[in-house]
>>> print(open('target_26.pdb').read())   # PDB, C-alpha atoms
ATOM      1  CA  MET Z   7     -89.386  66.485  60.836
ATOM      2  CA  CYS Z   8     -92.369  67.946  59.021
ATOM      3  CA  PRO Z   9     -94.696  65.651  57.057
ATOM      4  CA  ASN Z  10     -94.182  65.577  53.317
ATOM      5  CA  PRO Z  11     -97.389  64.163  51.819
ATOM      6  CA  ALA Z  12     -97.796  63.548  48.120
ATOM      7  CA  SER Z  13     -98.232  66.802  46.239
ATOM      8  CA  THR Z  14    -101.492  67.425  44.379
ATOM      9  CA  GLY Z  15     -99.617  69.459  41.792
ATOM     10  CA  ARG Z  16     -98.296  66.354  40.069
ATOM     11  CA  HIS Z  17     -99.493  63.951  37.397
ATOM     12  CA  TRP Z  18    -100.422  60.376  38.240
ATOM     13  CA  ASP Z  19     -96.854  59.255  37.454
ATOM     14  CA  GLY Z  20     -95.358  61.708  39.942
ATOM     15  CA  SER Z  21     -94.093  64.239  37.377
ATOM     16  CA  PRO Z  22     -94.930  67.943  37.974
ATOM     17  CA  HIS Z  23     -97.726  69.620  36.024
ATOM     18  CA  ALA Z  24     -95.438  72.401  34.860
ATOM     19  CA  ALA Z  25     -91.676  72.779  34.829
ATOM     20  CA  ARG Z  26     -90.560  75.279  37.435
ATOM     21  CA  PRO Z  27     -87.485  77.455  36.985
ATOM     22  CA  HIS Z  28     -84.465  76.257  38.927
ATOM     23  CA  ARG Z  29     -83.593  78.274  41.994
ATOM     24  CA  PRO Z  30     -79.973  78.963  42.839
ATOM     25  CA  LEU Z  31     -79.131  76.662  45.726
ATOM     26  CA  ARG Z  32     -76.216  76.906  48.122
ATOM     27  CA  VAL Z  33     -74.706  74.470  50.575
ATOM     28  CA  ALA Z  34     -74.237  75.667  54.137
ATOM     29  CA  ALA Z  35     -70.630  75.765  55.241
ATOM     30  CA  ALA Z  36     -71.426  73.587  58.271
ATOM     31  CA  SER Z  37     -73.371  70.969  56.282
ATOM     32  CA  PRO Z  38     -71.929  67.437  56.503
ATOM     33  CA  SER Z  39     -73.052  66.838  52.916
ATOM     34  CA  ARG Z  40     -71.936  68.865  49.895
ATOM     35  CA  LEU Z  41     -74.704  67.337  47.797
ATOM     36  CA  LEU Z  42     -77.418  69.586  46.349
ATOM     37  CA  ARG Z  43     -80.910  68.149  46.509
ATOM     38  CA  THR Z  44     -81.769  69.486  43.061
ATOM     39  CA  GLY Z  45     -81.171  66.852  40.424
ATOM     40  CA  GLN Z  46     -81.005  64.020  42.965
ATOM     41  CA  SER Z  47     -84.439  62.663  42.153
ATOM     42  CA  GLY Z  48     -84.660  59.877  39.624
ATOM     43  CA  ARG Z  49     -86.680  56.857  38.594
ATOM     44  CA  CYS Z  50     -86.213  53.241  39.546
ATOM     45  CA  ARG Z  51     -84.752  51.298  36.625
ATOM     46  CA  GLN Z  52     -86.966  48.325  37.446
ATOM     47  CA  CYS Z  53     -90.403  49.858  38.090
ATOM     48  CA  GLY Z  54     -90.150  53.446  36.776
ATOM     49  CA  ASN Z  55     -91.403  55.108  39.973
ATOM     50  CA  ARG Z  56     -89.736  58.236  41.345
ATOM     51  CA  VAL Z  57     -87.066  57.915  44.034
ATOM     52  CA  ASP Z  58     -84.944  60.403  45.979
ATOM     53  CA  TRP Z  59     -81.246  59.683  46.421
ATOM     54  CA  TYR Z  60     -79.464  60.465  49.688
ATOM     55  CA  GLN Z  61     -76.152  59.665  51.309
ATOM     56  CA  ARG Z  62     -76.115  57.424  54.354
ATOM     57  CA  SER Z  63     -73.917  57.982  57.373
ATOM     58  CA  ASP Z  64     -71.407  55.487  55.911
ATOM     59  CA  GLN Z  65     -71.296  57.597  52.702
ATOM     60  CA  ARG Z  66     -73.128  54.977  50.633
ATOM     61  CA  PRO Z  67     -76.151  56.017  48.550
ATOM     62  CA  ILE Z  68     -79.716  54.980  49.319
ATOM     63  CA  ALA Z  69     -82.927  55.454  47.318
ATOM     64  CA  LEU Z  70     -85.854  56.584  49.483
ATOM     65  CA  HIS Z  71     -89.526  56.844  48.657
ATOM     66  CA  PRO Z  72     -90.247  60.567  48.067
ATOM     67  CA  THR Z  73     -93.308  60.630  50.351
ATOM     68  CA  GLU Z  74     -93.112  60.297  54.124
ATOM     69  CA  LEU Z  75     -95.276  57.714  55.885
ATOM     70  CA  ARG Z  76     -96.599  57.628  59.418
ATOM     71  CA  ILE Z  77     -94.142  55.814  61.636
ATOM     72  CA  ALA Z  78     -96.940  53.775  63.217
ATOM     73  CA  HIS Z  79     -97.623  52.152  59.823
ATOM     74  CA  VAL Z  80     -93.994  51.231  59.036
ATOM     75  CA  PRO Z  81     -92.043  48.306  60.557
ATOM     76  CA  PRO Z  82     -89.106  49.477  62.718
ATOM     77  CA  SER Z  83     -86.535  47.922  60.367
ATOM     78  CA  CYS Z  84     -87.840  50.021  57.440
ATOM     79  CA  ARG Z  85     -87.812  53.440  59.139
ATOM     80  CA  TRP Z  86     -85.325  56.103  58.014
ATOM     81  CA  HIS Z  87     -85.006  59.791  58.803
ATOM     82  CA  LEU Z  88     -83.030  62.693  57.360
ATOM     83  CA  SER Z  89     -80.733  65.075  59.178
ATOM     84  CA  SER Z  90     -78.737  67.754  57.324
ATOM     85  CA  GLY Z  91     -79.140  65.849  54.066
ATOM     86  CA  ILE Z  92     -77.860  62.546  55.504
ATOM     87  CA  ALA Z  93     -80.098  59.464  55.789
ATOM     88  CA  TYR Z  94     -80.058  57.547  59.079
ATOM     89  CA  PRO Z  95     -81.849  54.296  59.966
ATOM     90  CA  HIS Z  96     -84.661  54.229  62.550
ATOM     91  CA  GLY Z  97     -86.829  57.169  63.548
ATOM     92  CA  ASP Z  98     -85.932  60.571  64.925
ATOM     93  CA  GLY Z  99     -88.801  60.914  67.379
ATOM     94  CA  SER Z 100     -91.270  62.442  64.922
ATOM     95  CA  PRO Z 101     -94.471  60.687  63.813
ATOM     96  CA  TRP Z 102     -93.195  60.526  60.195
ATOM     97  CA  CYS Z 103     -90.407  58.565  58.508
ATOM     98  CA  ARG Z 104     -88.971  57.751  55.106
ATOM     99  CA  VAL Z 105     -88.972  54.252  53.605
ATOM    100  CA  PRO Z 106     -86.338  52.709  51.277
ATOM    101  CA  HIS Z 107     -87.638  52.205  47.764
ATOM    102  CA  THR Z 108     -86.412  48.607  47.813
ATOM    103  CA  VAL Z 109     -89.146  47.885  50.394
ATOM    104  CA  LEU Z 110     -91.889  49.374  48.185
ATOM    105  CA  CYS Z 111     -90.642  48.503  44.691
ATOM    106  CA  PRO Z 112     -93.297  46.295  43.022
ATOM    107  CA  HIS Z 113     -90.581  44.651  40.921
ATOM    108  CA  ARG Z 114     -89.078  43.112  44.064
ATOM    109  CA  THR Z 115     -90.537  40.344  46.167
ATOM    110  CA  ALA Z 116     -91.685  41.598  49.545
ATOM    111  CA  THR Z 117     -89.741  40.105  52.433
ATOM    112  CA  GLY Z 118     -91.393  39.840  55.810
ATOM    113  CA  ARG Z 119     -94.674  41.352  56.989
ATOM    114  CA  LEU Z 120     -95.000  44.978  55.893
ATOM    115  CA  GLY Z 121     -98.418  45.797  57.287
ATOM    116  CA  PRO Z 122    -101.559  46.864  55.413
ATOM    117  CA  HIS Z 123    -100.553  50.504  54.855
ATOM    118  CA  VAL Z 124     -97.129  49.709  53.383
ATOM    119  CA  ALA Z 125     -98.697  46.946  51.261
ATOM    120  CA  ALA Z 126    -101.217  49.506  49.960
ATOM    121  CA  VAL Z 127     -98.365  51.809  48.891
ATOM    122  CA  ARG Z 128     -96.744  48.877  47.056
ATOM    123  CA  ARG Z 129    -100.007  48.267  45.194
ATOM    124  CA  GLN Z 130    -100.248  51.945  44.233
ATOM    125  CA  LEU Z 131     -96.711  51.869  42.854
ATOM    126  CA  ALA Z 132     -97.491  48.650  40.972
ATOM    127  CA  VAL Z 133    -100.505  50.304  39.303
ATOM    128  CA  ARG Z 134     -98.430  53.388  38.467
ATOM    129  CA  SER Z 135     -95.681  51.205  37.032
ATOM    130  CA  ARG Z 136     -98.182  49.337  34.849
ATOM    131  CA  ARG Z 137     -99.570  52.640  33.540
ATOM    132  CA  LEU Z 138     -96.078  53.820  32.650
ATOM    133  CA  ILE Z 139     -95.364  50.596  30.782
ATOM    134  CA  ASP Z 140     -98.736  50.578  28.964
ATOM    135  CA  SER Z 141     -98.299  54.201  27.868
ATOM    136  CA  GLY Z 142     -94.783  53.539  26.577
ATOM    137  CA  ALA Z 143     -93.265  56.050  29.003
ATOM    138  CA  PHE Z 144     -91.144  53.402  30.701
ATOM    139  CA  ALA Z 145     -89.467  50.124  29.827
ATOM    140  CA  ALA Z 146     -87.831  48.020  32.499
ATOM    141  CA  ALA Z 147     -84.067  47.746  32.202
ATOM    142  CA  PRO Z 148     -83.157  44.422  30.533
ATOM    143  CA  PRO Z 149     -80.925  42.074  32.490
ATOM    144  CA  ALA Z 150     -77.286  42.694  31.754
ATOM    145  CA  ASP Z 151     -75.816  39.854  29.698
ATOM    146  CA  THR Z 152     -72.552  41.511  28.706
ATOM    147  CA  GLY Z 153     -70.700  40.475  31.856
ATOM    148  CA  PRO Z 154     -69.999  42.413  35.045
ATOM    149  CA  PRO Z 155     -69.232  46.136  34.726
ATOM    150  CA  PRO Z 156     -65.599  47.226  34.976
ATOM    151  CA  THR Z 157     -64.460  48.010  38.485
ATOM    152  CA  ALA Z 158     -61.325  49.234  40.199
ATOM    153  CA  VAL Z 159     -59.990  49.152  43.740
ATOM    154  CA  VAL Z 160     -58.279  52.383  44.801
ATOM    155  CA  GLN Z 161     -56.125  52.810  47.889
ATOM    156  CA  MET Z 162     -56.078  56.270  49.492
ATOM    157  CA  LEU Z 163     -56.253  57.856  52.926
ATOM    158  CA  LEU Z 164     -55.231  54.556  54.558
ATOM    159  CA  SER Z 165     -58.301  52.771  53.150
ATOM    160  CA  ARG Z 166     -59.369  50.928  50.026
ATOM    161  CA  TYR Z 167     -62.393  51.894  47.972
ATOM    162  CA  LEU Z 168     -64.293  50.201  45.168
ATOM    163  CA  THR Z 169     -65.569  52.184  42.196
ATOM    164  CA  GLN Z 170     -67.964  50.881  39.558
ATOM    165  CA  SER Z 171     -65.904  52.166  36.617
ATOM    166  CA  LEU Z 172     -62.409  52.306  35.267
ATOM    167  CA  VAL Z 173     -60.031  54.757  36.950
ATOM    168  CA  GLU Z 174     -59.874  56.961  33.858
ATOM    169  CA  ASP Z 175     -63.697  57.069  33.700
ATOM    170  CA  ILE Z 176     -64.173  58.562  37.189
ATOM    171  CA  HIS Z 177     -65.576  62.059  36.625
ATOM    172  CA  CYS Z 178     -65.937  65.103  38.835
ATOM    173  CA  VAL Z 179     -69.210  65.384  40.792
ATOM    174  CA  ALA Z 180     -69.140  69.174  41.287
ATOM    175  CA  GLN Z 181     -71.700  71.550  39.794
ATOM    176  CA  THR Z 182     -70.529  74.001  37.145
ATOM    177  CA  ARG Z 183     -71.661  77.615  36.805
ATOM    178  CA  HIS Z 184     -74.221  76.442  34.240
ATOM    179  CA  ARG Z 185     -75.730  74.070  36.844
ATOM    180  CA  HIS Z 186     -74.510  70.969  35.074
ATOM    181  CA  ARG Z 187     -72.223  68.242  36.341
ATOM    182  CA  CYS Z 188     -68.574  68.865  35.600
ATOM    183  CA  PRO Z 189     -67.428  66.606  32.716
ATOM    184  CA  GLN Z 190     -63.737  66.678  33.699
ATOM    185  CA  PRO Z 191     -62.055  63.459  34.892
ATOM    186  CA  VAL Z 192     -60.617  63.160  38.369
ATOM    187  CA  LEU Z 193     -57.439  61.726  36.858
ATOM    188  CA  ALA Z 194     -55.983  65.042  35.705
ATOM    189  CA  PRO Z 195     -53.943  64.846  32.475
ATOM    190  CA  GLY Z 196     -50.354  65.788  33.223
ATOM    191  CA  GLY Z 197     -50.962  65.852  36.980
ATOM    192  CA  PRO Z 198     -49.833  63.438  39.707
ATOM    193  CA  SER Z 199     -51.335  59.993  39.362
ATOM    194  CA  GLY Z 200     -51.380  56.718  41.205
ATOM    195  CA  THR Z 201     -49.581  53.508  40.381
ATOM    196  CA  TRP Z 202     -51.020  50.063  39.737
ATOM    197  CA  SER Z 203     -49.588  47.541  42.168
ATOM    198  CA  LEU Z 204     -50.208  43.984  43.278
ATOM    199  CA  LEU Z 205     -50.932  44.232  47.005
ATOM    200  CA  PRO Z 206     -52.020  41.602  49.544
ATOM    201  CA  THR Z 207     -55.732  41.041  50.140
ATOM    202  CA  GLY Z 208     -55.716  41.482  53.894
ATOM    203  CA  PRO Z 209     -58.661  41.179  56.311
ATOM    204  CA  ARG Z 210     -60.420  44.245  57.726
ATOM    205  CA  ARG Z 211     -61.582  44.789  61.306
ATOM    206  CA  GLY Z 212     -60.862  41.276  62.548
ATOM    207  CA  GLN Z 213     -62.477  39.470  59.620
ATOM    208  CA  LEU Z 214     -61.554  35.938  58.683
ATOM    209  CA  ALA Z 215     -58.267  35.800  56.813
ATOM    210  CA  LEU Z 216     -58.435  35.222  53.076
ATOM    211  CA  PRO Z 217     -56.037  32.903  51.235
ATOM    212  CA  ASP Z 218     -52.710  34.590  50.567
ATOM    213  CA  ALA Z 219     -53.126  36.335  47.233
ATOM    214  CA  LEU Z 220     -52.206  39.553  45.519
ATOM    215  CA  MET Z 221     -54.810  41.883  44.021
ATOM    216  CA  ALA Z 222     -54.537  44.758  41.573
ATOM    217  CA  VAL Z 223     -54.880  48.090  43.402
ATOM    218  CA  TYR Z 224     -54.585  51.630  42.059
ATOM    219  CA  ASP Z 225     -52.378  53.034  44.818
ATOM    220  CA  LEU Z 226     -52.605  56.747  45.655
ATOM    221  CA  SER Z 227     -51.006  56.500  49.088
ATOM    222  CA  HIS Z 228     -47.727  58.048  47.886
ATOM    223  CA  LEU Z 229     -49.483  61.273  46.849
ATOM    224  CA  PRO Z 230     -49.837  64.289  49.179
ATOM    225  CA  TYR Z 231     -52.788  64.303  51.571
ATOM    226  CA  GLN Z 232     -54.634  67.070  49.692
ATOM    227  CA  GLU Z 233     -54.344  65.131  46.445
ATOM    228  CA  GLN Z 234     -55.744  61.987  48.060
ATOM    229  CA  LEU Z 235     -58.552  64.065  49.570
ATOM    230  CA  ARG Z 236     -59.345  65.420  46.092
ATOM    231  CA  TRP Z 237     -59.793  61.865  44.840
ATOM    232  CA  ARG Z 238     -61.916  60.931  47.859
ATOM    233  CA  THR Z 239     -64.261  63.880  47.269
ATOM    234  CA  GLN Z 240     -64.185  62.986  43.538
ATOM    235  CA  ARG Z 241     -63.324  66.427  42.179
ATOM    236  CA  CYS Z 242     -61.216  67.670  39.303
ATOM    237  CA  PRO Z 243     -58.298  70.004  40.172
ATOM    238  CA  ALA Z 244     -60.299  73.118  39.264
ATOM    239  CA  HIS Z 245     -63.217  72.309  41.566
ATOM    240  CA  ALA Z 246     -60.924  71.012  44.307
ATOM    241  CA  ALA Z 247     -59.530  74.551  44.445
ATOM    242  CA  ALA Z 248     -63.093  75.937  44.744
ATOM    243  CA  PRO Z 249     -64.431  74.570  48.071
ATOM    244  CA  GLY Z 250     -67.646  76.601  47.756
ATOM    245  CA  ALA Z 251     -68.831  74.578  44.749
ATOM    246  CA  ALA Z 252     -71.553  72.081  45.617
ATOM    247  CA  ASP Z 253     -71.818  68.475  44.437
ATOM    248  CA  LEU Z 254     -74.428  67.547  41.866
ATOM    249  CA  ALA Z 255     -73.972  63.770  42.124
ATOM    250  CA  LEU Z 256     -73.026  61.180  44.684
ATOM    251  CA  ALA Z 257     -69.426  60.013  44.768
ATOM    252  CA  ASP Z 258     -68.969  56.521  43.339
ATOM    253  CA  TRP Z 259     -66.816  55.169  46.183
ATOM    254  CA  GLN Z 260     -67.729  52.180  48.319
ATOM    255  CA  VAL Z 261     -65.546  51.044  51.190
ATOM    256  CA  PHE Z 262     -63.877  47.912  49.846
ATOM    257  CA  ASP Z 263     -64.496  44.731  51.803
ATOM    258  CA  PRO Z 264     -62.458  41.717  50.574
ATOM    259  CA  LEU Z 265     -65.195  39.315  51.685
ATOM    260  CA  LEU Z 266     -68.246  41.168  50.364
ATOM    261  CA  HIS Z 267     -66.492  42.263  47.155
ATOM    262  CA  ALA Z 268     -64.541  39.105  46.436
ATOM    263  CA  GLU Z 269     -65.770  39.037  42.820
ATOM    264  CA  HIS Z 270     -64.035  42.374  42.215
ATOM    265  CA  ILE Z 271     -60.607  41.102  43.249
ATOM    266  CA  HIS Z 272     -58.341  40.928  40.201
ATOM    267  CA  THR Z 273     -55.074  39.059  40.569
ATOM    268  CA  ARG Z 274     -53.472  40.641  37.500
ATOM    269  CA  LEU Z 275     -52.627  44.182  36.551
ATOM    270  CA  PRO Z 276     -54.677  45.886  33.821
ATOM    271  CA  HIS Z 277     -53.866  44.461  30.403
ATOM    272  CA  SER Z 278     -51.945  47.488  29.146
ATOM    273  CA  LEU Z 279     -49.714  47.519  32.231
ATOM    274  CA  ALA Z 280     -49.278  43.760  32.240
ATOM    275  CA  SER Z 281     -48.027  43.932  28.672
ATOM    276  CA  ARG Z 282     -45.360  46.427  29.706
ATOM    277  CA  HIS Z 283     -44.172  44.102  32.446
ATOM    278  CA  GLY Z 284     -44.019  41.145  30.074
ATOM    279  CA  GLU Z 285     -46.972  39.309  31.610
ATOM    280  CA  VAL Z 286     -49.397  37.273  29.545
TER     281      VAL Z 286
END
>>> encode(input="target_26.pdb", output="C-alpha cells")
Amino acid sequence: MCPNPASTGRHWDGSPHAARPHRPLRVAAASPSRLLRTGQSGRCRQCGNRVDWYQRSDQRPIALHPTELRIAHVPPSCRWHLSSGIAYPHGDGSPWCRVPHTVLCPHRTATGRLGPHVAAVRRQLAVRSRRLIDSGAFAAAPPADTGPPPTAVVQMLLSRYLTQSLVEDIHCVAQTRHRHRCPQPVLAPGGPSGTWSLLPTGPRRGQLALPDALMAVYDLSHLPYQEQLRWRTQRCPAHAAAPGAADLALADWQVFDPLLHAEHIHTRLPHSLASRHGEV
C-alpha cells in the first residue's frame, strides 16, 4: 500500500482548490466490488469533515478517514487496509493504514487510549469542524425526533436482510450513462414481486432462541434465482441486464440479526395489507 498523505492542493476544509473534470472510470471484471470510487466521498453529518466510504468484507459500509496514518501511531484495533476496493480490519504488512472516522470524529467521545498522534488528528478535525460551523458552511444534523426511520426485512437467497427504507423506496445503485445514480426502483412496476408474510423469528448460527413470534417479512424466496440476485445487487431490470455497469452507491442491505435488530421486528403486516386481510 502506498502512503496517501494529505494533499496540498486542497483548502483548509479538505475541498479541492478547483473542480477537476470527471474521468471515465471502469470496474475490472475480476474486481470483488462493483462500486466506483468517484462519488463515494462525503462529509460526516456530525462534524462536517470529509470521509471516504468503502464496503467491508461482510458487505457493510464503513467510513474511513481519507488520509493514511503510520501504523506505528495507530492502535491495532483501529487499523484498516484496502484491497481491491474492500476494507479489511488490521494491517496488510505495509507501514501505513486507514482509520475509521468514528475513531477520529470530534463529535464522538474517544474510547480507550488512542496515542498522541491519533489524538492530534482528532484535534485538527475539531478545529476544522469549528471553522466550518463558524463560517456557516456546515450545521450539525439535529437529533431525529420524528421516530425511527421506516425499515423492512426482506428474505432472499436463503437469508434475511434489513433495509433502512420501505420496499417501494429501494432504488437502483447503478450508474447511468450520464454518470448519475439510476432513479429507477428495484421493485419493477408490472414485474414479479415478493409477498408479505408473517414468518417465525428464528435464531441464526446457534444464537439464543427468541420467544415464539411471527414477524413481517417481504418474501422473495419464491422468485427465480436471477430475480433474487437482482434484488441482492440492488439493480433495476435494465441495469441487471447490463452487467458492465458499475455501482455509484452502496447497497442498503444489512444481514438481519433477530437479536441485534430486535427493534425492527414488526409483528403485523403493513397497514395496507393488513386492511385487506381484515386485521385492525
>>> atom_distance(input="target_26.pdb", atom1="CA of Asp253 (chain Z)", atom2="CA of Arg183 (chain Z)")
11.9 Å
>>> resolve_selection(input="target_26.pdb", expression="the PyMOL selection byres ((chain Z and resi 239) around 10)", output="list in words")
Arg40, Cys178, Val179, Ala180, Val192, Gln234, Leu235, Arg236, Trp237, Arg238, Gln240, Arg241, Cys242, Ala246, Asp253, Leu256, Ala257, Asp258 and Trp259 of chain Z
>>> axis_aligned_box(input="target_26.pdb", around="region 138-142 of chain Z", padding_each_side="6 Å", output="lines of an AutoDock Vina configuration file")
center_x = -96.8
center_y = 52.4
center_z = 29.6
size_x = 16.0
size_y = 15.6
size_z = 18.1
>>> atom_distance(input="target_26.pdb", atom1="CA of Gln130 (chain Z)", atom2="CA of Pro112 (chain Z)")
9.0 Å
>>> residues_around(input="target_26.pdb", residues="Leu120 (chain Z)", least_positions_apart="6", cutoff="12 Å", atoms="all atoms listed in the file", output="PyMOL selection string")
chain Z and resi 78-85+105+109-110+126-128
>>> write_last_selection(input="target_26.pdb", atoms="C-alpha atoms", output="PDB file, in the coordinates of the input")
ATOM      1  CA  ALA Z  78     -96.940  53.775  63.217  1.00  0.00           C
ATOM      2  CA  HIS Z  79     -97.623  52.152  59.823  1.00  0.00           C
ATOM      3  CA  VAL Z  80     -93.994  51.231  59.036  1.00  0.00           C
ATOM      4  CA  PRO Z  81     -92.043  48.306  60.557  1.00  0.00           C
ATOM      5  CA  PRO Z  82     -89.106  49.477  62.718  1.00  0.00           C
ATOM      6  CA  SER Z  83     -86.535  47.922  60.367  1.00  0.00           C
ATOM      7  CA  CYS Z  84     -87.840  50.021  57.440  1.00  0.00           C
ATOM      8  CA  ARG Z  85     -87.812  53.440  59.139  1.00  0.00           C
ATOM      9  CA  VAL Z 105     -88.972  54.252  53.605  1.00  0.00           C
ATOM     10  CA  VAL Z 109     -89.146  47.885  50.394  1.00  0.00           C
ATOM     11  CA  LEU Z 110     -91.889  49.374  48.185  1.00  0.00           C
ATOM     12  CA  ALA Z 126    -101.217  49.506  49.960  1.00  0.00           C
ATOM     13  CA  VAL Z 127     -98.365  51.809  48.891  1.00  0.00           C
ATOM     14  CA  ARG Z 128     -96.744  48.877  47.056  1.00  0.00           C
TER      15      ARG Z 128
END
>>> closest_residue(input="target_26.pdb", among="Z:Asp64, Z:Leu229, Z:Glu74, Z:Cys53", to="Ile139 (chain Z)", atoms="only C-alpha atoms")
Z:Cys53
>>> atom_distance(input="target_26.pdb", atom1="CA of Pro276 (chain Z)", atom2="CA of Leu168 (chain Z)")
15.5 Å
>>> resolve_selection(input="target_26.pdb", expression="the PyMOL selection byres ((chain Z and resi 205) around 9)", output="short mmCIF file (atom, residue, chain, number, x, y, z; two decimals) with C-alpha atoms, keeping the file's coordinate frame")
data_model
loop_
_atom_site.label_atom_id
_atom_site.label_comp_id
_atom_site.auth_asym_id
_atom_site.auth_seq_id
_atom_site.Cartn_x
_atom_site.Cartn_y
_atom_site.Cartn_z
CA SER Z 203 -49.59 47.54 42.17
CA LEU Z 204 -50.21 43.98 43.28
CA PRO Z 206 -52.02 41.60 49.54
CA THR Z 207 -55.73 41.04 50.14
CA GLY Z 208 -55.72 41.48 53.89
CA ALA Z 219 -53.13 36.34 47.23
CA LEU Z 220 -52.21 39.55 45.52
CA MET Z 221 -54.81 41.88 44.02
CA ALA Z 222 -54.54 44.76 41.57
CA VAL Z 223 -54.88 48.09 43.40
#
>>> closest_residue(input="target_26.pdb", among="Z:Glu174, Z:Asp225, Z:Asp58, Z:Glu269", to="Val160 (chain Z)", atoms="all atoms listed in the file")
Z:Asp225
>>> closest_residue(input="target_26.pdb", among="Z:Tyr60, Z:Pro195, Z:Ala93, Z:Leu275", to="Tyr224 (chain Z)", atoms="all atoms listed in the file")
Z:Leu275
>>> closest_residue(input="target_26.pdb", among="Z:Ser199, Z:Gln190, Z:Gln260, Z:Thr157", to="His272 (chain Z)", atoms="all atoms listed in the file")
Z:Thr157
>>> closest_residue(input="target_26.pdb", among="Z:Ala146, Z:Ala132, Z:Ile77, Z:Leu164", to="Gly99 (chain Z)", atoms="only C-alpha atoms")
Z:Ile77
>>> closest_residue(input="target_26.pdb", among="Z:Ala251, Z:Gly118, Z:Ile92, Z:His107", to="Arg187 (chain Z)", atoms="only C-alpha atoms")
Z:Ala251
>>> build_atoms(input="target_26.pdb", residues="region 192-198 of chain Z", atoms="all heavy atoms", output="PDB file, keeping the file's coordinate frame")
ATOM      1  N   VAL Z 192     -61.376  62.953  37.139  1.00  0.00           N
ATOM      2  CA  VAL Z 192     -60.617  63.160  38.369  1.00  0.00           C
ATOM      3  C   VAL Z 192     -59.129  62.929  38.112  1.00  0.00           C
ATOM      4  O   VAL Z 192     -58.272  63.599  38.690  1.00  0.00           O
ATOM      5  CB  VAL Z 192     -61.137  62.230  39.480  1.00  0.00           C
ATOM      6  CG1 VAL Z 192     -60.301  62.364  40.747  1.00  0.00           C
ATOM      7  CG2 VAL Z 192     -62.595  62.541  39.784  1.00  0.00           C
ATOM      8  N   LEU Z 193     -58.826  61.982  37.241  1.00  0.00           N
ATOM      9  CA  LEU Z 193     -57.439  61.726  36.858  1.00  0.00           C
ATOM     10  C   LEU Z 193     -56.994  62.839  35.922  1.00  0.00           C
ATOM     11  O   LEU Z 193     -57.254  62.803  34.722  1.00  0.00           O
ATOM     12  CB  LEU Z 193     -57.309  60.363  36.181  1.00  0.00           C
ATOM     13  CG  LEU Z 193     -55.919  59.937  35.725  1.00  0.00           C
ATOM     14  CD1 LEU Z 193     -54.957  59.887  36.899  1.00  0.00           C
ATOM     15  CD2 LEU Z 193     -55.976  58.581  35.027  1.00  0.00           C
ATOM     16  N   ALA Z 194     -56.344  63.855  36.473  1.00  0.00           N
ATOM     17  CA  ALA Z 194     -55.983  65.042  35.705  1.00  0.00           C
ATOM     18  C   ALA Z 194     -54.856  64.728  34.730  1.00  0.00           C
ATOM     19  O   ALA Z 194     -53.823  64.173  35.128  1.00  0.00           O
ATOM     20  CB  ALA Z 194     -55.558  66.167  36.649  1.00  0.00           C
ATOM     21  N   PRO Z 195     -55.032  65.052  33.440  1.00  0.00           N
ATOM     22  CA  PRO Z 195     -53.943  64.846  32.475  1.00  0.00           C
ATOM     23  C   PRO Z 195     -52.726  65.689  32.848  1.00  0.00           C
ATOM     24  O   PRO Z 195     -52.826  66.873  33.115  1.00  0.00           O
ATOM     25  CB  PRO Z 195     -54.557  65.313  31.147  1.00  0.00           C
ATOM     26  CG  PRO Z 195     -56.039  65.273  31.363  1.00  0.00           C
ATOM     27  CD  PRO Z 195     -56.247  65.584  32.804  1.00  0.00           C
ATOM     28  N   GLY Z 196     -51.578  65.070  32.891  1.00  0.00           N
ATOM     29  CA  GLY Z 196     -50.354  65.788  33.223  1.00  0.00           C
ATOM     30  C   GLY Z 196     -50.138  66.010  34.701  1.00  0.00           C
ATOM     31  O   GLY Z 196     -49.085  66.519  35.096  1.00  0.00           O
ATOM     32  N   GLY Z 197     -51.097  65.652  35.550  1.00  0.00           N
ATOM     33  CA  GLY Z 197     -50.962  65.852  36.980  1.00  0.00           C
ATOM     34  C   GLY Z 197     -50.453  64.596  37.670  1.00  0.00           C
ATOM     35  O   GLY Z 197     -50.219  63.558  37.023  1.00  0.00           O
ATOM     36  N   PRO Z 198     -50.278  64.637  38.982  1.00  0.00           N
ATOM     37  CA  PRO Z 198     -49.833  63.438  39.707  1.00  0.00           C
ATOM     38  C   PRO Z 198     -50.883  62.339  39.633  1.00  0.00           C
ATOM     39  O   PRO Z 198     -52.085  62.594  39.662  1.00  0.00           O
ATOM     40  CB  PRO Z 198     -49.647  63.944  41.139  1.00  0.00           C
ATOM     41  CG  PRO Z 198     -50.512  65.160  41.234  1.00  0.00           C
ATOM     42  CD  PRO Z 198     -50.487  65.792  39.872  1.00  0.00           C
TER      43      PRO Z 198
END
